[in-house]
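structure.cif follows; it contains mmCIF, C-alpha atoms.
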data_coords
loop_
_atom_site.label_atom_id
_atom_site.label_comp_id
_atom_site.auth_asym_id
_atom_site.auth_seq_id
_atom_site.Cartn_x
_atom_site.Cartn_y
_atom_site.Cartn_z
CA MET A 1 26.48 27.98 13.09
CA THR A 2 22.89 29.21 13.03
CA SER A 3 21.31 29.67 16.44
CA ALA A 4 17.91 28.19 17.30
CA SER A 5 16.27 31.64 17.17
CA GLU A 6 17.54 32.52 13.69
CA PRO A 7 15.76 31.60 10.43
CA ILE A 8 17.42 28.53 8.88
CA GLN A 9 16.15 29.25 5.35
CA PRO A 10 16.99 32.93 4.65
CA ASN A 11 16.31 32.64 0.89
CA SER A 12 12.88 31.04 1.21
CA SER A 13 11.00 34.32 0.64
CA ALA A 14 12.38 34.73 -2.88
CA ALA A 15 11.72 31.08 -3.68
CA LEU A 16 8.15 31.36 -2.39
CA ALA A 17 7.55 34.54 -4.40
CA ARG A 18 8.78 32.74 -7.52
CA LEU A 19 6.37 29.85 -6.94
CA VAL A 20 3.47 32.25 -6.35
CA ALA A 21 4.26 34.06 -9.63
CA ILE A 22 4.46 30.78 -11.54
CA MET A 23 1.12 29.66 -10.13
CA ALA A 24 -0.53 32.96 -11.03
CA ARG A 25 0.74 32.59 -14.61
CA LEU A 26 -0.51 29.00 -14.84
CA ARG A 27 -3.94 30.10 -13.64
CA ASP A 28 -4.24 32.89 -16.21
CA PRO A 29 -7.54 32.22 -18.03
CA VAL A 30 -6.12 33.32 -21.41
CA HIS A 31 -2.41 32.51 -21.42
CA GLY A 32 -2.25 29.91 -18.63
CA CYS A 33 -2.22 26.12 -18.56
CA GLU A 34 -5.42 24.52 -19.81
CA TRP A 35 -5.46 22.11 -16.85
CA ASP A 36 -4.35 24.40 -14.01
CA SER A 37 -6.63 27.24 -15.06
CA VAL A 38 -9.85 25.22 -14.73
CA GLN A 39 -9.21 23.55 -11.36
CA THR A 40 -11.41 24.24 -8.34
CA PHE A 41 -10.96 23.69 -4.60
CA ALA A 42 -12.98 20.48 -4.89
CA SER A 43 -11.17 19.10 -7.93
CA LEU A 44 -7.77 19.82 -6.39
CA ALA A 45 -8.55 18.37 -2.95
CA PRO A 46 -7.75 14.72 -3.87
CA TYR A 47 -4.34 15.78 -5.20
CA THR A 48 -3.63 17.69 -1.99
CA ILE A 49 -4.39 14.59 0.08
CA GLU A 50 -2.31 12.42 -2.25
CA GLU A 51 0.70 14.73 -1.98
CA ALA A 52 0.52 14.64 1.83
CA TYR A 53 0.62 10.85 1.73
CA GLU A 54 3.58 10.90 -0.66
CA VAL A 55 5.44 13.08 1.84
CA ALA A 56 4.70 10.51 4.55
CA ASP A 57 5.81 7.71 2.24
CA ALA A 58 9.16 9.37 1.54
CA ILE A 59 9.70 9.82 5.28
CA GLN A 60 8.84 6.19 5.98
CA ARG A 61 11.30 5.05 3.32
CA GLY A 62 13.99 7.37 4.68
CA ASP A 63 14.47 8.89 1.22
CA LEU A 64 15.43 12.50 1.93
CA ALA A 65 16.08 13.32 -1.72
CA ASP A 66 12.55 12.21 -2.55
CA LEU A 67 11.23 14.03 0.53
CA LYS A 68 12.58 17.29 -0.84
CA GLY A 69 10.62 16.83 -4.04
CA GLU A 70 7.45 15.68 -2.28
CA LEU A 71 7.53 18.67 0.09
CA GLY A 72 7.74 20.87 -3.01
CA ASP A 73 4.67 19.15 -4.46
CA LEU A 74 2.82 19.69 -1.19
CA ALA A 75 3.87 23.34 -1.04
CA LEU A 76 2.50 23.75 -4.56
CA GLN A 77 -0.88 22.57 -3.33
CA VAL A 78 -0.95 25.30 -0.66
CA VAL A 79 0.01 27.98 -3.19
CA PHE A 80 -2.50 26.59 -5.71
CA HIS A 81 -5.41 26.78 -3.26
CA ALA A 82 -4.35 30.23 -2.10
CA GLN A 83 -4.19 31.50 -5.71
CA MET A 84 -7.73 30.27 -6.34
CA ALA A 85 -8.86 31.98 -3.13
CA VAL A 86 -7.27 35.26 -4.26
CA GLU A 87 -9.06 35.04 -7.60
CA ALA A 88 -12.38 34.52 -5.82
CA GLY A 89 -11.71 37.36 -3.37
CA HIS A 90 -11.64 35.16 -0.26
CA PHE A 91 -8.09 35.32 1.14
CA SER A 92 -4.45 35.40 0.08
CA LEU A 93 -1.36 33.29 0.72
CA GLU A 94 -0.23 36.05 3.09
CA ASP A 95 -3.45 35.54 5.08
CA VAL A 96 -2.78 31.80 5.21
CA LEU A 97 0.79 32.24 6.45
CA ASN A 98 -0.12 34.95 8.95
CA GLY A 99 -2.95 32.78 10.21
CA ILE A 100 -0.73 29.81 11.00
CA SER A 101 1.93 32.10 12.50
CA ASP A 102 -0.69 33.67 14.77
CA LYS A 103 -1.90 30.23 15.80
CA LEU A 104 1.61 28.98 16.64
CA GLU A 105 2.36 32.06 18.75
CA ARG A 106 -1.02 31.83 20.48
CA ARG A 107 -0.55 28.15 21.31
CA HIS A 108 3.02 28.65 22.62
CA PRO A 109 2.59 31.47 25.17
CA HIS A 110 5.50 30.08 27.20
CA ILE A 111 7.78 30.88 24.25
CA PHE A 112 6.17 33.90 22.57
CA GLY A 113 4.22 35.27 25.56
CA ASP A 114 4.45 35.55 29.31
CA ALA A 115 3.25 32.10 30.40
CA ALA A 116 5.52 30.48 32.96
CA GLU A 117 5.31 27.00 31.49
CA GLY A 118 4.05 25.18 28.45
CA GLY A 119 3.94 21.75 26.89
CA HIS A 120 1.33 19.49 25.36
CA HIS A 121 -1.16 20.04 28.19
CA LEU A 122 -1.14 23.79 27.57
CA TRP A 123 -1.46 23.27 23.80
CA GLU A 124 -4.54 21.09 24.35
CA GLN A 125 -6.01 23.60 26.81
CA ILE A 126 -5.65 26.43 24.31
CA LYS A 127 -7.15 24.30 21.54
CA ALA A 128 -10.11 23.52 23.81
CA GLU A 129 -10.59 27.24 24.49
CA GLU A 130 -10.54 27.93 20.75
CA ARG A 131 -13.17 25.24 20.16
CA ALA A 132 -15.30 26.69 22.95
CA ALA A 133 -15.36 30.01 21.09
CA SER A 134 -16.54 28.38 17.84
CA ALA A 135 -20.12 27.82 16.70
CA ASP A 136 -19.80 24.03 17.01
CA GLN A 137 -19.48 23.28 20.71
CA SER A 138 -19.12 19.51 20.37
CA ALA A 139 -16.00 17.79 21.66
CA LEU A 140 -15.85 16.21 18.20
CA ALA A 141 -15.80 19.54 16.35
CA GLY A 142 -13.04 20.00 13.80
CA VAL A 143 -12.24 16.33 13.14
CA ALA A 144 -11.89 16.54 9.36
CA LEU A 145 -14.27 14.48 7.25
CA ALA A 146 -11.55 14.03 4.62
CA LEU A 147 -9.28 12.04 6.96
CA PRO A 148 -8.85 8.34 6.20
CA ALA A 149 -11.67 6.53 7.99
CA LEU A 150 -9.28 4.60 10.25
CA GLU A 151 -7.47 7.73 11.38
CA ARG A 152 -10.71 9.67 11.78
CA ALA A 153 -12.15 6.90 13.99
CA ALA A 154 -9.11 7.15 16.26
CA LYS A 155 -9.40 10.95 16.49
CA LEU A 156 -13.13 10.80 17.25
CA GLN A 157 -12.48 8.28 20.01
CA LYS A 158 -9.66 10.35 21.50
CA ARG A 159 -11.87 13.44 21.54
CA ALA A 160 -14.70 11.52 23.22
CA ALA A 161 -12.25 10.06 25.75
CA ARG A 162 -11.30 13.56 26.92
CA THR A 163 -14.85 13.97 28.19
CA GLY A 164 -14.58 10.78 30.26
CA PHE A 165 -16.48 8.64 27.73
CA ASP A 166 -13.94 5.83 27.51
CA TRP A 167 -13.08 2.31 28.56
CA PRO A 168 -10.87 2.05 31.66
CA ASP A 169 -8.59 -0.58 30.08
CA PRO A 170 -8.21 -2.70 26.90
CA SER A 171 -10.47 -5.50 28.19
CA GLY A 172 -13.60 -3.49 27.38
CA PRO A 173 -12.85 -2.83 23.69
CA ARG A 174 -11.47 -6.37 23.32
CA ALA A 175 -14.81 -7.78 24.45
CA LYS A 176 -16.52 -5.33 22.09
CA VAL A 177 -14.46 -6.64 19.16
CA LEU A 178 -15.64 -10.18 19.88
CA GLU A 179 -19.22 -8.98 20.25
CA GLU A 180 -19.11 -7.10 16.95
CA LEU A 181 -17.53 -10.08 15.21
CA GLU A 182 -20.38 -12.30 16.39
CA GLU A 183 -22.95 -9.72 15.22
CA LEU A 184 -21.26 -9.65 11.82
CA ASP A 185 -21.50 -13.43 11.57
CA GLN A 186 -25.23 -13.30 12.32
CA ALA A 187 -26.11 -10.24 10.24
CA PRO A 188 -28.25 -10.53 7.09
CA SER A 189 -26.50 -9.46 3.89
CA GLU A 190 -28.05 -5.97 3.84
CA GLU A 191 -26.63 -5.22 7.34
CA ARG A 192 -23.13 -6.64 6.90
CA GLU A 193 -21.54 -3.38 5.80
CA GLU A 194 -22.79 -1.62 8.93
CA GLU A 195 -21.72 -4.46 11.19
CA LEU A 196 -18.28 -4.61 9.56
CA GLY A 197 -17.95 -0.88 10.15
CA ASP A 198 -18.81 -1.40 13.83
CA LEU A 199 -16.18 -4.14 14.02
CA LEU A 200 -13.49 -1.92 12.49
CA PHE A 201 -14.43 0.91 14.86
CA ALA A 202 -14.11 -1.46 17.81
CA VAL A 203 -10.69 -2.63 16.61
CA VAL A 204 -9.54 1.00 16.46
CA ASN A 205 -10.75 1.45 20.03
CA LEU A 206 -8.78 -1.61 21.12
CA ALA A 207 -5.65 -0.28 19.42
CA ARG A 208 -6.07 3.09 21.13
CA LEU A 209 -6.42 1.54 24.59
CA MET A 210 -3.31 -0.55 23.85
CA LYS A 211 -1.53 2.72 22.93
CA ILE A 212 -1.02 1.59 19.33
CA GLU A 213 -1.67 3.96 16.43
CA PRO A 214 -4.04 1.92 14.21
CA GLU A 215 -3.11 3.78 11.01
CA GLU A 216 0.58 3.03 11.58
CA ALA A 217 -0.14 -0.58 12.55
CA LEU A 218 -2.16 -1.15 9.37
CA ARG A 219 0.47 0.61 7.26
CA LYS A 220 3.10 -1.80 8.57
CA ALA A 221 0.80 -4.76 7.96
CA ASN A 222 0.29 -3.56 4.38
CA SER A 223 4.04 -3.31 3.92
CA LYS A 224 4.56 -6.79 5.32
CA PHE A 225 1.89 -8.30 3.06
CA GLU A 226 3.33 -6.55 0.00
CA ARG A 227 6.86 -7.75 0.79
CA ARG A 228 5.78 -11.34 1.29
CA PHE A 229 3.46 -11.46 -1.72
CA ARG A 230 6.15 -10.04 -4.00
CA ALA A 231 8.44 -12.79 -2.74
CA ILE A 232 6.03 -15.63 -3.52
CA GLU A 233 4.85 -14.28 -6.88
CA ALA A 234 8.47 -14.30 -8.06
CA ALA A 235 8.29 -18.10 -8.20
CA PRO A 236 8.30 -19.48 -11.77
CA ASP A 237 4.77 -20.22 -13.04
CA PHE A 238 3.30 -18.79 -9.84
CA SER A 239 -0.10 -18.12 -11.45
CA ALA A 240 -0.44 -21.81 -12.30
CA PHE A 241 0.05 -22.94 -8.70
CA SER A 242 -2.88 -24.25 -6.68
CA LEU A 243 -4.02 -22.30 -3.65
CA ASP A 244 -2.43 -24.90 -1.37
CA GLU A 245 0.90 -24.50 -3.21
CA LYS A 246 0.69 -20.72 -2.91
CA GLU A 247 -0.09 -21.04 0.80
CA ALA A 248 2.93 -23.29 1.22
CA LEU A 249 5.11 -20.68 -0.45
CA TRP A 250 3.66 -18.02 1.84
CA ARG A 251 4.44 -20.07 4.93
CA SER A 252 7.96 -20.64 3.65
CA VAL A 253 8.58 -16.91 3.18
CA LYS A 254 7.06 -16.18 6.58
CA ALA A 255 9.27 -18.80 8.24
CA THR A 256 12.34 -17.36 6.51
CA GLU A 257 11.53 -13.90 7.82
CA SER A 258 10.86 -15.25 11.31
CA GLY A 259 14.29 -16.81 11.28
CA SER A 260 15.95 -13.53 10.29
CA SER A 261 16.15 -10.19 12.07
CA SER A 262 12.77 -9.08 10.68
CA PRO A 263 10.49 -7.71 13.43
CA ASP A 264 7.43 -9.14 11.62
#

Mind converting the file's structure to structure tokens?
Amino acid sequence: MTSASEPIQPNSSAALARLVAIMARLRDPVHGCEWDSVQTFASLAPYTIEEAYEVADAIQRGDLADLKGELGDLALQVVFHAQMAVEAGHFSLEDVLNGISDKLERRHPHIFGDAAEGGHHLWEQIKAEERAASADQSALAGVALALPALERAAKLQKRAARTGFDWPDPSGPRAKVLEELEELDQAPSEEREEELGDLLFAVVNLARLMKIEPEEALRKANSKFERRFRAIEAAPDFSAFSLDEKEALWRSVKATESGSSSPD
């Protein structure tokens, strides 16, 4: 049996080298792939984000066979970006891997250094020290713009909360949700988008104070809606039903689920 301190994937170096060589060949401006060879960091970024979500989707579905393939697709994105960086003279895949290895060792001094203890509090302390050494001194520095808006809102709020700028309990953000909802009702048409954004931000704050991950909560709500809608649209001549008839079907499906072991 492999011990915890031994590498569990001894053949990964050869496999990684093979992928790097394939990517270099695909990027060849003369003999490479006509699509791969013209990509840029910006054009590839949406695919990188998409692949990360497909990894999360495979995990949520518990499909380990699919997870293997999706992790490969995500690994390709890392190698792809690194190959473009090499071509432009910025950095290499080796730099990327050494960089993350350095970071992991630096943030786990209780394992790789001489610190007496570790844990999440030490990780956060080291991250704060790293931010303090950067040009951007804000507590909000480093919260990626490319994150989904819901997730980014939660991260911004968590960062602000570390400075003491936070509600003491869920009653504050709950009142804010009601306030923002009223402002949305009263807003002229040209201000509704902004007011709706404020409402969504307040809902995220309420979720955070209730110790609920809003992204996960909405993902589950999406899944529930999809499951129930697929059930009602399977009815013969569904498109010809009136709205009241469709609502009745929806309530029937909901009642059936409530009477089963479904947690929804």

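The environment of A:Ala207 within 12 Å, counting all atoms listed in the file and disregarding residues fewer than 2 places along the same chain, consists of Leu150, Glu151, Ala153, Ala154, Gln157, Lys158, Asp169, Pro170, Ser171, Gly172, Pro173, Arg174, Val177, Leu200, Phe201, Ala202, Val203, Val204, Asn205, Leu209, Met210, Lys211, Ile212, Glu213, Pro214, Glu215, Glu216, Ala217 and Leu218 of chain A.
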
Print the selection's residues with C-alpha atoms to a file, as a compact mmCIF listing (two decimals), in the coordinates of the input.
# COMPACT_ATOMS: atom_id res chain seq x y z
CA LEU A 150 -9.28 4.60 10.25
CA GLU A 151 -7.47 7.73 11.38
CA ALA A 153 -12.15 6.90 13.99
CA ALA A 154 -9.11 7.15 16.26
CA GLN A 157 -12.48 8.28 20.01
CA LYS A 158 -9.66 10.35 21.50
CA ASP A 169 -8.59 -0.58 30.08
CA PRO A 170 -8.21 -2.70 26.90
CA SER A 171 -10.47 -5.50 28.19
CA GLY A 172 -13.60 -3.49 27.38
CA PRO A 173 -12.85 -2.83 23.69
CA ARG A 174 -11.47 -6.37 23.32
CA VAL A 177 -14.46 -6.64 19.16
CA LEU A 200 -13.49 -1.92 12.49
CA PHE A 201 -14.43 0.91 14.86
CA ALA A 202 -14.11 -1.46 17.81
CA VAL A 203 -10.69 -2.63 16.61
CA VAL A 204 -9.54 1.00 16.46
CA ASN A 205 -10.75 1.45 20.03
CA LEU A 209 -6.42 1.54 24.59
CA MET A 210 -3.31 -0.55 23.85
CA LYS A 211 -1.53 2.72 22.93
CA ILE A 212 -1.02 1.59 19.33
CA GLU A 213 -1.67 3.96 16.43
CA PRO A 214 -4.04 1.92 14.21
CA GLU A 215 -3.11 3.78 11.01
CA GLU A 216 0.58 3.03 11.58
CA ALA A 217 -0.14 -0.58 12.55
CA LEU A 218 -2.16 -1.15 9.37

Original post:
So what does the PyMOL selection byres ((chain A and resi 67) around 12) actually pick up in this one, as a PyMOL selection string?
Top reply: chain A and resi 51-66+68-75

Original post:
So how far away is atom CA of A:Leu206 from atom CA of A:Lys220, in Å?
Top reply: 17.3 Å

**OP:** Find the residues near stretch 132-142 of chain A: any atom within 9 Å, counting all atoms listed in the file, skip ones fewer than 2 places away on the same chain, and give them as a PyMOL selection string.
**Re:** chain A and resi 127-130+144-145+155-157+159-160+162-163

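As for atom CA of A:Leu184 and atom CA of A:Ala161, they are spaced 25.8 Å apart.
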
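Between atom CA of A:Phe229 and atom CA of A:Ser258 lies a distance of 15.5 Å.
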
Subject >> Spatial neighbours of stretch 31-41 of chain A, max dist 8 Å, all atoms listed in the file, sep filter under 6 positions, as an MDAnalysis selection string >> reply: chainID A and resid 25 81 84

For the residues selected in the previous step, produce a file with C-alpha atoms as a JSON list (two decimals), keeping the file's coordinate frame.
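Below is the file out-v9.json, written as the result:
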[["chain", "number", "residue", "atom", "x", "y", "z"],
["A", 25, "ARG", "CA", 0.74, 32.59, -14.61],
["A", 81, "HIS", "CA", -5.41, 26.78, -3.26],
["A", 84, "MET", "CA", -7.73, 30.27, -6.34]]

Original post:
Can you tell me, as a VMD selection string, what residues are no more than 12 Å from A:Leu97 when counting all atoms listed in the file, ignoring any on the same chain fewer than 3 positions away?
Top reply: chain A and resid 13 16 78 to 79 82 91 to 94 100 to 104

Where is the centre and how long are the edges: axis-aligned box on stretch 154-171 of chain A, 4 Å on each side, Å to one decimal, as AutoDock Vina command-line options:
--center_x -12.3 --center_y 4.2 --center_z 24.0 --size_x 16.3 --size_y 27.5 --size_z 23.4

Original post:
Could you tell me, as number ranges by chain, which residues have any atom at most 12 Å from (4.4, -16.4, 0.9), counting only C-alpha atoms?
Top reply: A: 224-235, 238, 243-257
